[in-house]
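Data block for my_file_26.pdb (PDB, C-alpha atoms):
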ATOM      1  CA  MET A 141     -91.344  40.344  55.568
ATOM      2  CA  GLN A 142     -88.242  39.534  53.522
ATOM      3  CA  SER A 143     -87.694  41.054  50.069
ATOM      4  CA  ALA A 144     -86.353  38.003  48.250
ATOM      5  CA  LEU A 145     -84.232  38.704  45.181
ATOM      6  CA  SER A 146     -84.809  36.518  42.131
ATOM      7  CA  VAL A 147     -81.335  35.673  40.833
ATOM      8  CA  PRO A 148     -80.852  32.314  39.083
ATOM      9  CA  GLY A 149     -78.176  30.421  40.985
ATOM     10  CA  LEU A 150     -78.732  32.167  44.321
ATOM     11  CA  PHE A 151     -80.933  30.727  47.060
ATOM     12  CA  ASN A 152     -80.518  33.145  49.963
ATOM     13  CA  ALA A 153     -80.519  36.611  48.414
ATOM     14  CA  ARG A 154     -82.672  39.439  49.716
ATOM     15  CA  ASP A 155     -82.892  43.208  49.933
ATOM     16  CA  LEU A 156     -82.555  44.773  53.383
ATOM     17  CA  GLY A 157     -85.212  47.326  52.531
ATOM     18  CA  GLY A 158     -88.731  47.241  53.924
ATOM     19  CA  TYR A 159     -87.905  46.292  57.510
ATOM     20  CA  PRO A 160     -89.792  48.183  60.263
ATOM     21  CA  THR A 161     -87.841  50.528  62.512
ATOM     22  CA  THR A 162     -88.465  51.451  66.131
ATOM     23  CA  ASP A 163     -89.742  54.898  65.112
ATOM     24  CA  GLY A 164     -92.352  53.587  62.686
ATOM     25  CA  GLN A 165     -90.403  53.904  59.442
ATOM     26  CA  LEU A 166     -89.240  51.298  56.924
ATOM     27  CA  THR A 167     -85.671  50.715  55.759
ATOM     28  CA  ARG A 168     -84.836  51.903  52.267
ATOM     29  CA  PRO A 169     -84.973  49.280  49.491
ATOM     30  CA  GLY A 170     -82.468  49.086  46.664
ATOM     31  CA  SER A 171     -79.450  49.993  48.766
ATOM     32  CA  LEU A 172     -78.135  46.853  50.523
ATOM     33  CA  VAL A 173     -78.502  43.256  49.372
ATOM     34  CA  ARG A 174     -77.307  40.150  51.239
ATOM     35  CA  ALA A 175     -76.677  36.903  49.379
ATOM     36  CA  ASP A 176     -75.093  33.494  49.253
ATOM     37  CA  ASP A 177     -72.055  32.623  47.109
ATOM     38  CA  LEU A 178     -71.805  34.502  43.806
ATOM     39  CA  ALA A 179     -69.426  31.767  42.608
ATOM     40  CA  GLN A 180     -72.626  29.794  41.924
ATOM     41  CA  LEU A 181     -73.702  32.238  39.212
ATOM     42  CA  GLN A 182     -73.757  31.520  35.504
ATOM     43  CA  ALA A 183     -74.425  34.067  32.747
ATOM     44  CA  GLU A 184     -78.161  34.261  33.495
ATOM     45  CA  GLY A 185     -77.562  35.011  37.161
ATOM     46  CA  LEU A 186     -74.955  37.645  36.415
ATOM     47  CA  LYS A 187     -77.391  39.351  34.048
ATOM     48  CA  ALA A 188     -79.961  39.325  36.842
ATOM     49  CA  LEU A 189     -77.484  41.086  39.140
ATOM     50  CA  GLU A 190     -77.115  43.801  36.520
ATOM     51  CA  ALA A 191     -80.880  44.050  36.173
ATOM     52  CA  HIS A 192     -81.193  44.524  39.938
ATOM     53  CA  GLY A 193     -78.802  47.463  39.703
ATOM     54  CA  ILE A 194     -75.917  45.993  41.726
ATOM     55  CA  ARG A 195     -73.097  48.546  41.650
ATOM     56  CA  ALA A 196     -70.730  47.144  44.302
ATOM     57  CA  VAL A 197     -69.957  43.685  45.706
ATOM     58  CA  LEU A 198     -68.217  42.775  48.970
ATOM     59  CA  ASP A 199     -66.975  39.172  49.248
ATOM     60  CA  LEU A 200     -66.589  38.108  52.908
ATOM     61  CA  ARG A 201     -65.140  34.636  52.276
ATOM     62  CA  TRP A 202     -61.785  33.283  53.393
ATOM     63  CA  PRO A 203     -59.031  33.687  50.756
ATOM     64  CA  ALA A 204     -58.877  29.895  50.367
ATOM     65  CA  GLU A 205     -62.607  29.806  49.585
ATOM     66  CA  ALA A 206     -62.246  32.612  47.070
ATOM     67  CA  ALA A 207     -59.290  30.861  45.403
ATOM     68  CA  ARG A 208     -61.147  27.553  45.184
ATOM     69  CA  ASP A 209     -64.353  29.111  43.833
ATOM     70  CA  PRO A 210     -63.465  32.444  42.223
ATOM     71  CA  ASN A 211     -65.953  35.274  42.298
ATOM     72  CA  PRO A 212     -67.162  35.836  38.716
ATOM     73  CA  VAL A 213     -67.988  39.525  39.178
ATOM     74  CA  PRO A 214     -64.557  41.092  38.458
ATOM     75  CA  ARG A 215     -64.315  39.252  35.134
ATOM     76  CA  ALA A 216     -67.951  39.263  34.008
ATOM     77  CA  LEU A 217     -69.024  42.660  35.395
ATOM     78  CA  PRO A 218     -65.884  44.832  35.399
ATOM     79  CA  HIS A 219     -67.932  48.000  35.900
ATOM     80  CA  VAL A 220     -69.111  46.725  39.309
ATOM     81  CA  HIS A 221     -66.916  47.893  42.189
ATOM     82  CA  PHE A 222     -65.535  44.674  43.709
ATOM     83  CA  MET A 223     -64.093  44.331  47.235
ATOM     84  CA  HIS A 224     -62.871  41.372  49.271
ATOM     85  CA  VAL A 225     -62.469  41.333  53.066
ATOM     86  CA  SER A 226     -62.112  38.025  54.910
ATOM     87  CA  LEU A 227     -64.416  38.616  57.871
ATOM     88  CA  LEU A 228     -63.375  35.696  60.081
ATOM     89  CA  THR A 229     -59.584  36.219  60.187
ATOM     90  CA  PRO A 230     -57.287  35.351  57.245
ATOM     91  CA  THR A 231     -57.835  31.571  57.527
ATOM     92  CA  GLU A 232     -60.441  29.141  58.781
ATOM     93  CA  GLU A 233     -57.875  27.513  61.060
ATOM     94  CA  GLU A 234     -57.024  30.847  62.704
ATOM     95  CA  TRP A 235     -60.708  31.557  63.256
ATOM     96  CA  ARG A 236     -61.193  28.200  64.961
ATOM     97  CA  LEU A 237     -58.189  28.772  67.209
ATOM     98  CA  ARG A 238     -59.372  32.259  68.113
ATOM     99  CA  SER A 239     -63.041  31.493  68.652
ATOM    100  CA  GLY A 240     -63.083  27.994  70.116
ATOM    101  CA  ASP A 241     -66.265  25.917  69.953
ATOM    102  CA  LEU A 242     -69.098  28.428  69.888
ATOM    103  CA  ALA A 243     -72.739  27.410  70.187
ATOM    104  CA  LYS A 244     -74.859  28.766  67.357
ATOM    105  CA  GLU A 245     -76.816  30.888  69.818
ATOM    106  CA  LEU A 246     -73.579  32.660  70.814
ATOM    107  CA  TRP A 247     -71.786  32.682  67.456
ATOM    108  CA  LYS A 248     -72.522  36.322  66.646
ATOM    109  CA  CYS A 249     -71.334  37.421  70.084
ATOM    110  CA  GLY A 250     -68.108  35.489  69.529
ATOM    111  CA  VAL A 251     -67.475  37.317  66.275
ATOM    112  CA  LEU A 252     -68.094  40.705  67.914
ATOM    113  CA  GLU A 253     -65.597  39.742  70.594
ATOM    114  CA  HIS A 254     -62.864  38.093  68.540
ATOM    115  CA  VAL A 255     -62.676  39.713  65.066
ATOM    116  CA  ARG A 256     -63.003  43.430  65.761
ATOM    117  CA  HIS A 257     -60.235  44.440  63.344
ATOM    118  CA  GLU A 258     -61.687  42.450  60.459
ATOM    119  CA  LEU A 259     -65.210  43.615  61.265
ATOM    120  CA  ARG A 260     -64.074  47.227  61.256
ATOM    121  CA  ARG A 261     -62.481  46.701  57.823
ATOM    122  CA  ALA A 262     -65.598  45.127  56.331
ATOM    123  CA  LEU A 263     -67.950  47.819  57.606
ATOM    124  CA  GLY A 264     -65.488  50.543  56.635
ATOM    125  CA  VAL A 265     -65.459  49.221  53.083
ATOM    126  CA  ILE A 266     -69.263  49.382  52.955
ATOM    127  CA  ALA A 267     -69.261  52.907  54.395
ATOM    128  CA  GLN A 268     -66.796  54.102  51.772
ATOM    129  CA  ALA A 269     -68.261  52.238  48.790
ATOM    130  CA  PRO A 270     -69.673  54.225  45.884
ATOM    131  CA  SER A 271     -73.367  55.044  45.864
ATOM    132  CA  GLY A 272     -75.793  52.555  44.386
ATOM    133  CA  THR A 273     -76.885  49.082  45.384
ATOM    134  CA  LEU A 274     -74.226  47.129  47.289
ATOM    135  CA  LEU A 275     -74.326  43.345  47.649
ATOM    136  CA  PHE A 276     -72.359  41.487  50.328
ATOM    137  CA  HIS A 277     -72.016  37.718  50.595
ATOM    138  CA  CYS A 278     -70.098  34.731  51.953
ATOM    139  CA  VAL A 279     -70.822  31.069  51.051
ATOM    140  CA  ALA A 280     -74.265  30.165  52.381
ATOM    141  CA  GLY A 281     -75.029  33.813  53.101
ATOM    142  CA  LYS A 282     -76.265  33.029  56.604
ATOM    143  CA  ASP A 283     -73.602  33.600  59.289
ATOM    144  CA  ARG A 284     -70.862  35.983  58.138
ATOM    145  CA  THR A 285     -73.322  37.722  55.846
ATOM    146  CA  GLY A 286     -75.993  37.504  58.546
ATOM    147  CA  LEU A 287     -73.789  39.225  61.110
ATOM    148  CA  ILE A 288     -73.059  42.176  58.805
ATOM    149  CA  ALA A 289     -76.757  42.424  57.953
ATOM    150  CA  ALA A 290     -77.770  42.350  61.623
ATOM    151  CA  LEU A 291     -75.325  45.120  62.532
ATOM    152  CA  LEU A 292     -76.484  47.316  59.653
ATOM    153  CA  LEU A 293     -80.133  46.756  60.586
ATOM    154  CA  ALA A 294     -79.390  47.510  64.253
ATOM    155  CA  LEU A 295     -77.624  50.729  63.256
ATOM    156  CA  ALA A 296     -80.759  51.668  61.305
ATOM    157  CA  ASP A 297     -82.883  51.087  64.450
ATOM    158  CA  VAL A 298     -84.755  48.155  62.967
ATOM    159  CA  GLU A 299     -87.111  46.342  65.327
ATOM    160  CA  PRO A 300     -85.334  43.472  67.150
ATOM    161  CA  GLN A 301     -87.966  40.991  65.946
ATOM    162  CA  ALA A 302     -87.226  41.938  62.339
ATOM    163  CA  ILE A 303     -83.464  41.568  62.867
ATOM    164  CA  ALA A 304     -84.017  38.111  64.354
ATOM    165  CA  TYR A 305     -86.324  37.196  61.482
ATOM    166  CA  ASP A 306     -83.806  38.295  58.867
ATOM    167  CA  TYR A 307     -81.205  36.009  60.422
ATOM    168  CA  ALA A 308     -83.458  32.982  60.922
ATOM    169  CA  VAL A 309     -85.126  32.971  57.487
ATOM    170  CA  SER A 310     -81.867  31.789  55.886
ATOM    171  CA  THR A 311     -82.565  28.300  57.216
ATOM    172  CA  ASP A 312     -85.799  28.045  55.239
ATOM    173  CA  ASN A 313     -84.250  29.589  52.142
ATOM    174  CA  LEU A 314     -81.379  27.108  52.030
ATOM    175  CA  ARG A 315     -82.953  23.885  53.297
ATOM    176  CA  GLU A 316     -84.198  22.385  50.026
ATOM    177  CA  GLU A 317     -81.122  23.330  48.005
ATOM    178  CA  TYR A 318     -78.594  22.020  50.539
ATOM    179  CA  LEU A 319     -80.417  18.719  51.011
ATOM    180  CA  ARG A 320     -80.325  18.330  47.240
ATOM    181  CA  ARG A 321     -76.692  19.453  47.037
ATOM    182  CA  TYR A 322     -75.478  16.899  49.604
ATOM    183  CA  PRO A 323     -77.627  13.790  48.995
ATOM    184  CA  SER A 324     -75.193  11.402  50.699
ATOM    185  CA  ALA A 325     -74.935  13.449  53.899
ATOM    186  CA  ASN A 326     -77.010  12.815  56.991
ATOM    187  CA  PRO A 327     -80.033  15.137  56.539
ATOM    188  CA  ALA A 328     -80.081  15.964  60.254
ATOM    189  CA  ARG A 329     -76.471  17.150  60.084
ATOM    190  CA  VAL A 330     -77.192  19.269  57.011
ATOM    191  CA  LEU A 331     -80.166  20.902  58.722
ATOM    192  CA  GLU A 332     -78.162  21.518  61.895
ATOM    193  CA  ALA A 333     -75.435  23.212  59.863
ATOM    194  CA  LEU A 334     -78.085  25.461  58.324
ATOM    195  CA  ARG A 335     -79.763  26.333  61.625
ATOM    196  CA  CYS A 336     -79.908  30.081  62.285
ATOM    197  CA  PRO A 337     -81.597  30.431  65.683
ATOM    198  CA  GLN A 338     -83.312  33.705  66.427
ATOM    199  CA  GLU A 339     -81.677  33.558  69.862
ATOM    200  CA  GLY A 340     -78.374  34.231  68.118
ATOM    201  CA  ALA A 341     -79.633  37.602  66.923
ATOM    202  CA  TYR A 342     -81.202  38.480  70.268
ATOM    203  CA  ASN A 343     -77.982  37.542  72.085
ATOM    204  CA  MET A 344     -76.026  39.774  69.705
ATOM    205  CA  LEU A 345     -78.353  42.682  70.465
ATOM    206  CA  LYS A 346     -77.883  42.061  74.185
ATOM    207  CA  PHE A 347     -74.095  42.051  73.690
ATOM    208  CA  LEU A 348     -74.354  45.418  71.932
ATOM    209  CA  GLU A 349     -76.616  46.780  74.664
ATOM    210  CA  ASN A 350     -74.046  45.789  77.287
ATOM    211  CA  ALA A 351     -71.369  47.559  75.230
ATOM    212  CA  GLY A 352     -73.372  50.803  75.307
ATOM    213  CA  GLY A 353     -75.308  50.281  72.089
ATOM    214  CA  VAL A 354     -74.459  49.498  68.486
ATOM    215  CA  ARG A 355     -73.007  52.963  67.810
ATOM    216  CA  GLU A 356     -70.802  52.793  70.886
ATOM    217  CA  TYR A 357     -69.541  49.322  70.009
ATOM    218  CA  LEU A 358     -68.789  50.235  66.393
ATOM    219  CA  GLY A 359     -66.986  53.346  67.587
ATOM    220  CA  GLN A 360     -64.937  51.203  69.975
ATOM    221  CA  ILE A 361     -63.721  48.998  67.121
ATOM    222  CA  GLY A 362     -62.581  52.033  65.156
ATOM    223  CA  LEU A 363     -65.385  53.276  62.917
ATOM    224  CA  SER A 364     -65.629  57.054  62.724
ATOM    225  CA  ALA A 365     -68.792  59.083  63.241
ATOM    226  CA  ALA A 366     -68.813  59.849  59.511
ATOM    227  CA  GLU A 367     -68.596  56.163  58.665
ATOM    228  CA  LEU A 368     -71.442  55.345  61.045
ATOM    229  CA  GLU A 369     -73.614  57.975  59.417
ATOM    230  CA  ALA A 370     -72.742  56.633  55.953
ATOM    231  CA  LEU A 371     -73.715  53.116  57.015
ATOM    232  CA  ARG A 372     -76.984  54.281  58.561
ATOM    233  CA  ALA A 373     -77.775  56.388  55.508
ATOM    234  CA  ARG A 374     -77.710  53.222  53.395
ATOM    235  CA  LEU A 375     -81.006  52.225  55.025
ATOM    236  CA  ARG A 376     -82.443  55.421  56.502
ATOM    237  CA  ASP A 377     -83.294  58.896  55.231
ATOM    238  CA  ARG A 378     -82.599  60.296  58.685
TER     239      ARG A 378
END
Kindly transcribe the structure held in the file into structure tokens.
Amino acid sequence: MQSALSVPGLFNARDLGGYPTTDGQLTRPGSLVRADDLAQLQAEGLKALEAHGIRAVLDLRWPAEAARDPNPVPRALPHVHFMHVSLLTPTEEEWRLRSGDLAKELWKCGVLEHVRHELRRALGVIAQAPSGTLLFHCVAGKDRTGLIAALLLALADVEPQAIAYDYAVSTDNLREEYLRRYPSANPARVLEALRCPQEGAYNMLKFLENAGGVREYLGQIGLSAAELEALRARLRDR
């Protein structure tokens, strides 16, 4: 089901096009791409981004992460519109204090509850970005990136099973690379860190349903009707 993107240096990149919607359509390809950390890219990978037609990039990492591993896009691809919004509060410590110890199955619900201002900023940036293919990413491209992807797919009326699949497939995409990347770590701990349970996506959809639906929730956090239409239009013709 996934439309994997072949970019040397990336292990969890895919197009959000081609997912089935509740009214029998498919989401538009070539508009939204989710990925893991672009800081991993060398010249070959950056050329591949250009070849895939990436016109805008949104970095969702904490400022400390971005400072430690700078995004190469602004320097290497200055014609690409680059944006940075820290999705989970300004710092990792603040996020931990705000969210507490969330089970993976409830992580997405915790974000919807605790980072509404930051979430509104990130989605607003996507809504207002120039036309063309937009790529958004964090580090592993599974949780912060996965939440934004799930909300955009829900707004496009994608089938719940497809939304859950899009979240969970990150585990398979990352497993081999992360076990290789951390050879001295306990493999069970690495795999647990990578776990993206489908229940997390289904619980998020239930949270949105209880809030009146994805449109109602996004309106509550401050997105305008025009912004919601712009976000939906990224993946739907109507």
Expanded to explicit residues, what is the PyMOL selection byres ((chain A and resi 286) around 9) for this file, as an mmCIF file with C-alpha atoms, keeping the file's coordinate frame?
data_model
loop_
_atom_site.group_PDB
_atom_site.id
_atom_site.type_symbol
_atom_site.label_atom_id
_atom_site.label_comp_id
_atom_site.auth_asym_id
_atom_site.auth_seq_id
_atom_site.Cartn_x
_atom_site.Cartn_y
_atom_site.Cartn_z
ATOM 1 C CA ARG A 174 -77.307 40.150 51.239
ATOM 2 C CA LYS A 248 -72.522 36.322 66.646
ATOM 3 C CA HIS A 277 -72.016 37.718 50.595
ATOM 4 C CA GLY A 281 -75.029 33.813 53.101
ATOM 5 C CA LYS A 282 -76.265 33.029 56.604
ATOM 6 C CA ASP A 283 -73.602 33.600 59.289
ATOM 7 C CA ARG A 284 -70.862 35.983 58.138
ATOM 8 C CA THR A 285 -73.322 37.722 55.846
ATOM 9 C CA LEU A 287 -73.789 39.225 61.110
ATOM 10 C CA ILE A 288 -73.059 42.176 58.805
ATOM 11 C CA ALA A 289 -76.757 42.424 57.953
ATOM 12 C CA ALA A 290 -77.770 42.350 61.623
ATOM 13 C CA LEU A 291 -75.325 45.120 62.532
ATOM 14 C CA ASP A 306 -83.806 38.295 58.867
ATOM 15 C CA TYR A 307 -81.205 36.009 60.422
ATOM 16 C CA SER A 310 -81.867 31.789 55.886
#
Polymer residues at most 9 Å from range 221-234 of chain A, all atoms listed in the file, same-chain spacing of 2 or more positions, as a PyMOL selection string: chain A and resi 195-204+213-214+217-219+236-239+251+254-255+257-259+261-262+265+269-270+274+284
Given the PyMOL selection byres ((chain A and resi 313) around 12), the residues it picks as an mmCIF file with C-alpha atoms, in the frame of the given file:
data_model
loop_
_atom_site.group_PDB
_atom_site.id
_atom_site.type_symbol
_atom_site.label_atom_id
_atom_site.label_comp_id
_atom_site.auth_asym_id
_atom_site.auth_seq_id
_atom_site.Cartn_x
_atom_site.Cartn_y
_atom_site.Cartn_z
ATOM 1 C CA GLN A 142 -88.242 39.534 53.522
ATOM 2 C CA ALA A 144 -86.353 38.003 48.250
ATOM 3 C CA LEU A 145 -84.232 38.704 45.181
ATOM 4 C CA LEU A 150 -78.732 32.167 44.321
ATOM 5 C CA PHE A 151 -80.933 30.727 47.060
ATOM 6 C CA ASN A 152 -80.518 33.145 49.963
ATOM 7 C CA ALA A 153 -80.519 36.611 48.414
ATOM 8 C CA ARG A 154 -82.672 39.439 49.716
ATOM 9 C CA ALA A 175 -76.677 36.903 49.379
ATOM 10 C CA ASP A 176 -75.093 33.494 49.253
ATOM 11 C CA ALA A 280 -74.265 30.165 52.381
ATOM 12 C CA GLY A 281 -75.029 33.813 53.101
ATOM 13 C CA LYS A 282 -76.265 33.029 56.604
ATOM 14 C CA ASP A 306 -83.806 38.295 58.867
ATOM 15 C CA TYR A 307 -81.205 36.009 60.422
ATOM 16 C CA ALA A 308 -83.458 32.982 60.922
ATOM 17 C CA VAL A 309 -85.126 32.971 57.487
ATOM 18 C CA SER A 310 -81.867 31.789 55.886
ATOM 19 C CA THR A 311 -82.565 28.300 57.216
ATOM 20 C CA ASP A 312 -85.799 28.045 55.239
ATOM 21 C CA LEU A 314 -81.379 27.108 52.030
ATOM 22 C CA ARG A 315 -82.953 23.885 53.297
ATOM 23 C CA GLU A 316 -84.198 22.385 50.026
ATOM 24 C CA GLU A 317 -81.122 23.330 48.005
ATOM 25 C CA TYR A 318 -78.594 22.020 50.539
ATOM 26 C CA LEU A 319 -80.417 18.719 51.011
ATOM 27 C CA LEU A 331 -80.166 20.902 58.722
ATOM 28 C CA LEU A 334 -78.085 25.461 58.324
ATOM 29 C CA ARG A 335 -79.763 26.333 61.625
ATOM 30 C CA CYS A 336 -79.908 30.081 62.285
#
Selected residue of minimal separation from Gly193 in chain A among A:Asp377, A:Gln180, A:Thr273, A:Gly362, counting all atoms listed in the file: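 When distances to Gly193 in chain A are compared using all atoms listed in the file, the smallest one comes from A:Thr273.
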Selected residue, from A:Leu181, A:Ala302, A:Leu375, A:Val330, that lies nearest to Pro169 in chain A when counting all atoms listed in the file: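 Looking only at the distances to Pro169 in chain A, the closest residue turns out to be A:Leu375.
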Point-to-point distance in Å for CA of Ile194 in chain A and CA of Val147 in chain A: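 Taking CA of Val147 in chain A and CA of Ile194 in chain A, their separation equals 11.7 Å.
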Coordinates-based distance that separates CA of Ser143 in chain A from CA of Ala365 in chain A (Å, one decimal):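 It comes out at 29.3 Å.
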All residues 8 Å or closer to Asp297 in chain A, all atoms listed in the file, same chain fewer than 3 positions away omitted, as a PDB file with C-alpha atoms, in the coordinates of the input:
ATOM      1  CA  THR A 161     -87.841  50.528  62.512  1.00  0.00           C
ATOM      2  CA  THR A 162     -88.465  51.451  66.131  1.00  0.00           C
ATOM      3  CA  ASP A 163     -89.742  54.898  65.112  1.00  0.00           C
ATOM      4  CA  LEU A 293     -80.133  46.756  60.586  1.00  0.00           C
ATOM      5  CA  ALA A 294     -79.390  47.510  64.253  1.00  0.00           C
TER       6      ALA A 294
END
Result set of the PyMOL selection byres ((chain A and resi 368) around 12) on the coordinates above, as an MDAnalysis selection string: chainID A and resid 260 263:268 291:292 294:296 354:367 369:376
Suppose we keep C-alpha atoms; can you now write the selection as a PDB file, in the frame of the given file?
ATOM      1  CA  ARG A 260     -64.074  47.227  61.256  1.00  0.00           C
ATOM      2  CA  LEU A 263     -67.950  47.819  57.606  1.00  0.00           C
ATOM      3  CA  GLY A 264     -65.488  50.543  56.635  1.00  0.00           C
ATOM      4  CA  VAL A 265     -65.459  49.221  53.083  1.00  0.00           C
ATOM      5  CA  ILE A 266     -69.263  49.382  52.955  1.00  0.00           C
ATOM      6  CA  ALA A 267     -69.261  52.907  54.395  1.00  0.00           C
ATOM      7  CA  GLN A 268     -66.796  54.102  51.772  1.00  0.00           C
ATOM      8  CA  LEU A 291     -75.325  45.120  62.532  1.00  0.00           C
ATOM      9  CA  LEU A 292     -76.484  47.316  59.653  1.00  0.00           C
ATOM     10  CA  ALA A 294     -79.390  47.510  64.253  1.00  0.00           C
ATOM     11  CA  LEU A 295     -77.624  50.729  63.256  1.00  0.00           C
ATOM     12  CA  ALA A 296     -80.759  51.668  61.305  1.00  0.00           C
ATOM     13  CA  VAL A 354     -74.459  49.498  68.486  1.00  0.00           C
ATOM     14  CA  ARG A 355     -73.007  52.963  67.810  1.00  0.00           C
ATOM     15  CA  GLU A 356     -70.802  52.793  70.886  1.00  0.00           C
ATOM     16  CA  TYR A 357     -69.541  49.322  70.009  1.00  0.00           C
ATOM     17  CA  LEU A 358     -68.789  50.235  66.393  1.00  0.00           C
ATOM     18  CA  GLY A 359     -66.986  53.346  67.587  1.00  0.00           C
ATOM     19  CA  GLN A 360     -64.937  51.203  69.975  1.00  0.00           C
ATOM     20  CA  ILE A 361     -63.721  48.998  67.121  1.00  0.00           C
ATOM     21  CA  GLY A 362     -62.581  52.033  65.156  1.00  0.00           C
ATOM     22  CA  LEU A 363     -65.385  53.276  62.917  1.00  0.00           C
ATOM     23  CA  SER A 364     -65.629  57.054  62.724  1.00  0.00           C
ATOM     24  CA  ALA A 365     -68.792  59.083  63.241  1.00  0.00           C
ATOM     25  CA  ALA A 366     -68.813  59.849  59.511  1.00  0.00           C
ATOM     26  CA  GLU A 367     -68.596  56.163  58.665  1.00  0.00           C
ATOM     27  CA  GLU A 369     -73.614  57.975  59.417  1.00  0.00           C
ATOM     28  CA  ALA A 370     -72.742  56.633  55.953  1.00  0.00           C
ATOM     29  CA  LEU A 371     -73.715  53.116  57.015  1.00  0.00           C
ATOM     30  CA  ARG A 372     -76.984  54.281  58.561  1.00  0.00           C
ATOM     31  CA  ALA A 373     -77.775  56.388  55.508  1.00  0.00           C
ATOM     32  CA  ARG A 374     -77.710  53.222  53.395  1.00  0.00           C
ATOM     33  CA  LEU A 375     -81.006  52.225  55.025  1.00  0.00           C
ATOM     34  CA  ARG A 376     -82.443  55.421  56.502  1.00  0.00           C
TER      35      ARG A 376
END
Selection near Pro148 in chain A, 12 Å with all atoms listed in the file, sequence-local residues under 5 positions removed, as an MDAnalysis selection string: chainID A and resid 153 176:189
Point-to-point distance in Å for CA of Lys244 in chain A and CA of Arg321 in chain A: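 Interatomic distance, CA of Arg321 in chain A to CA of Lys244 in chain A: 22.4 Å.
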Counting all atoms listed in the file, the residue of A:Val298, A:Ser271, A:Val279, A:Ala328 that sits nearest Asn211 in chain A: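 Looking only at the distances to Asn211 in chain A, the closest residue turns out to be A:Val279.
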